[in-house]
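Below is one structure, written out as structure tokens; comments come after it.
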Amino acid sequence: MAPIGDYPIIELRQYTLHPGRRDVLIELFDREFVESQEAGGMAVLGQFRDLDDQDRFVWLRGFGDMPSRAEALAGFYGGPVWKAHGPAANATMIDSDNVLLLRRATTRSGFPATAAVRPPIGGATPPPSLVLATIYRRERPFDEAFTDFFDREVRTLLTATGAPPLACLRTEHAENTFPALPVRTGENVFVWFARFPSQAHLDEHLTRLNSSDRWRDHVAPVVEPMVLQRLRLAPSARSLLR
């Protein structure tokens, strides 16, 4: 697999599962759907348990561009691995259509271009960690003026308080090149990700951030009304992002 940063098109996928079926899906996913997808030219960047919804599975999938996305998805979902194991995966799900199609907010804001090593199947469980995904939404697209504001004001304060963003993404408005898998349309979102060693580190960050006069008086009034969703995500054993 190419380094994470080589995939500028990202799907943020949130699945609602039947009660008690999340671990079943994660075990199947990590065993059957990681290397098989990456062999087709896409990247499984992260698989997560939503810490605030025990029946939600969240994952990130990356592509080099929209044409290669169509080719890779057609190859995988028309291939032998999905034919063999797809029905079992679908049996765990109530809904799999909550998908945001995203791209780097700027050429420099994708996930770090590091060739992370994925833990092997059945290997030792890595130390626990937590990924926070914050989703902003507004009526108009997130343009260069917003990304400049985010880098100048938001990123500066997040970094100073212990939460340097891993990546910042915005809506990819191109037509869905694989309509067999729906994505959310008609929305303008901006998503940033941060990583923490533990919940205690996240709590410390929030305490420091909320005690900042600059955040409270000048930055939060701009961004907090746009918050659509915050996802506290626990990486699965084979997640690259952890």
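Residue names in the structure tokens use chain letters A, B, ... in the order shown, residue numbers from 1 in each chain, and ligand numbers from 1 in the order shown.
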Skip Leu12 in chain A itself and residues of its chain fewer than 2 positions away, then list as a JSON list (two decimals) with C-alpha atoms, in the first residue's frame all residues within 6 Å of it, counting only C-alpha atoms.
[["chain", "number", "residue", "atom", "x", "y", "z"],
["A", 60, "LEU", "CA", -12.14, 5.64, 6.47],
["A", 99, "VAL", "CA", -21.14, 8.31, 3.85],
["A", 100, "LEU", "CA", -19.33, 11.61, 3.40]]
Cut-off 9 Å: closest range 63-86 of chain A/range 174-183 of chain A atom pairs per residue, using only C-alpha atoms, as a tab-separated table:
residue	atom	partner	partner_atom	distance
A:Met66	CA	A:Thr177	CA	6.5
A:Pro67	CA	A:Thr177	CA	6.9
A:Arg69	CA	A:Thr177	CA	7.1
A:Ala70	CA	A:Thr177	CA	5.2
A:Glu71	CA	A:Phe178	CA	8.5
A:Leu73	CA	A:Phe178	CA	7.1
A:Ala74	CA	A:Phe178	CA	7.5
Residues at most 12 Å from Pro80 in chain A, counting only C-alpha atoms, excluding those fewer than 5 positions away in the same chain, as a list in words?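 Counting only the stated atoms, we get Glu32, Phe33, Ser36, Gln37, Ala74, Gly75, His85 and Gly86 of chain A.
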Write out the residues from the selection above, keeping N, CA and C atoms, as a PDB file, in the first residue's frame.
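Once written, part-v9.pdb looks like this:
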ATOM      1  N   GLU A  32     -11.016 -10.092   6.515  1.00  0.00           N
ATOM      2  CA  GLU A  32     -11.291 -10.344   5.100  1.00  0.00           C
ATOM      3  C   GLU A  32     -11.262  -9.109   4.196  1.00  0.00           C
ATOM      4  N   PHE A  33     -11.511  -7.906   4.749  1.00  0.00           N
ATOM      5  CA  PHE A  33     -11.778  -6.758   3.877  1.00  0.00           C
ATOM      6  C   PHE A  33     -10.678  -5.701   3.866  1.00  0.00           C
ATOM      7  N   SER A  36      -7.758  -7.233   0.970  1.00  0.00           N
ATOM      8  CA  SER A  36      -8.467  -7.464  -0.291  1.00  0.00           C
ATOM      9  C   SER A  36      -8.854  -6.150  -0.959  1.00  0.00           C
ATOM     10  N   GLN A  37      -9.214  -5.134  -0.186  1.00  0.00           N
ATOM     11  CA  GLN A  37      -9.505  -3.828  -0.780  1.00  0.00           C
ATOM     12  C   GLN A  37      -8.222  -3.134  -1.231  1.00  0.00           C
ATOM     13  N   ALA A  74     -15.602  -1.052  -8.192  1.00  0.00           N
ATOM     14  CA  ALA A  74     -16.214  -2.046  -9.075  1.00  0.00           C
ATOM     15  C   ALA A  74     -15.474  -3.370  -8.976  1.00  0.00           C
ATOM     16  N   GLY A  75     -14.146  -3.304  -8.911  1.00  0.00           N
ATOM     17  CA  GLY A  75     -13.364  -4.527  -8.814  1.00  0.00           C
ATOM     18  C   GLY A  75     -13.604  -5.266  -7.513  1.00  0.00           C
ATOM     19  N   HIS A  85     -18.023 -13.050   1.390  1.00  0.00           N
ATOM     20  CA  HIS A  85     -18.209 -12.562   2.756  1.00  0.00           C
ATOM     21  C   HIS A  85     -19.147 -11.360   2.878  1.00  0.00           C
ATOM     22  N   GLY A  86     -19.532 -10.769   1.751  1.00  0.00           N
ATOM     23  CA  GLY A  86     -20.426  -9.624   1.798  1.00  0.00           C
ATOM     24  C   GLY A  86     -21.760  -9.899   2.467  1.00  0.00           C
TER      25      GLY A  86
END
Neighbouring residues of Val131 in chain A were defined as those with any atom within 9 Å, considering only C-alpha atoms; residues of the same chain fewer than 4 positions away were excluded. Please report them as a compact mmCIF listing (two decimals) with N, CA, C and O atoms, in the first residue's frame.
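result23.txt written:
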# COMPACT_ATOMS: atom_id res chain seq x y z
N PHE A 48 -13.04 1.86 13.31
CA PHE A 48 -13.25 2.37 14.66
C PHE A 48 -14.58 1.91 15.26
O PHE A 48 -15.58 1.77 14.56
N PHE A 193 -9.51 15.89 12.12
CA PHE A 193 -9.23 14.73 12.96
C PHE A 193 -8.06 15.04 13.89
O PHE A 193 -7.10 15.70 13.49
N ALA A 194 -8.14 14.54 15.11
CA ALA A 194 -7.03 14.63 16.06
C ALA A 194 -6.92 13.30 16.78
O ALA A 194 -7.90 12.55 16.90
N ARG A 195 -5.72 13.01 17.28
CA ARG A 195 -5.46 11.73 17.94
C ARG A 195 -4.98 11.98 19.36
O ARG A 195 -4.20 12.90 19.61
N PHE A 196 -5.43 11.15 20.29
CA PHE A 196 -5.08 11.27 21.70
C PHE A 196 -4.68 9.90 22.24
O PHE A 196 -5.29 8.89 21.88
N PRO A 197 -3.70 9.84 23.13
CA PRO A 197 -3.34 8.56 23.73
C PRO A 197 -4.45 7.96 24.59
O PRO A 197 -4.49 6.73 24.77
N LEU A 231 -17.24 12.75 16.76
CA LEU A 231 -17.12 11.31 16.89
C LEU A 231 -15.90 10.98 17.73
O LEU A 231 -14.77 11.33 17.36
N ARG A 232 -16.12 10.32 18.86
CA ARG A 232 -15.00 9.79 19.67
C ARG A 232 -14.82 8.34 19.25
O ARG A 232 -15.69 7.50 19.46
N LEU A 233 -13.69 8.05 18.65
CA LEU A 233 -13.49 6.79 17.96
C LEU A 233 -12.34 6.00 18.57
O LEU A 233 -11.23 6.52 18.72
N ALA A 234 -12.61 4.73 18.87
CA ALA A 234 -11.59 3.82 19.36
C ALA A 234 -11.12 2.95 18.20
O ALA A 234 -11.91 2.18 17.63
N PRO A 235 -9.85 3.03 17.79
CA PRO A 235 -9.37 2.24 16.65
C PRO A 235 -9.47 0.73 16.94
O PRO A 235 -9.21 0.27 18.05
N LEU A 241 -4.78 4.31 11.51
CA LEU A 241 -4.91 5.53 12.30
C LEU A 241 -5.26 5.14 13.71
O LEU A 241 -6.35 4.68 14.01
N ARG A 242 -4.29 5.35 14.62
CA ARG A 242 -4.53 4.98 16.01
C ARG A 242 -3.62 5.81 16.91
O ARG A 242 -2.69 6.43 16.44
For Gly162 in chain A: contacts at 10 Å, only C-alpha atoms, fewer than 3 positions along chain excluded, given as a list in words: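 Contacts, in chain order: Leu157, Leu158, Thr159, Pro165, Ala194, Arg195, Phe196, His201, Leu202, Glu204, His205, Leu206, Arg208 and Leu209 of chain A.
The shell of residues at most 7 Å from range 16-28 of chain A, with only C-alpha atoms counted and near chain neighbours (fewer than 6 positions) removed, consists of Asp55, Arg56, Phe57, Ala89, Thr92, Met93, Ile94, Asp95 and Ser96 of chain A.
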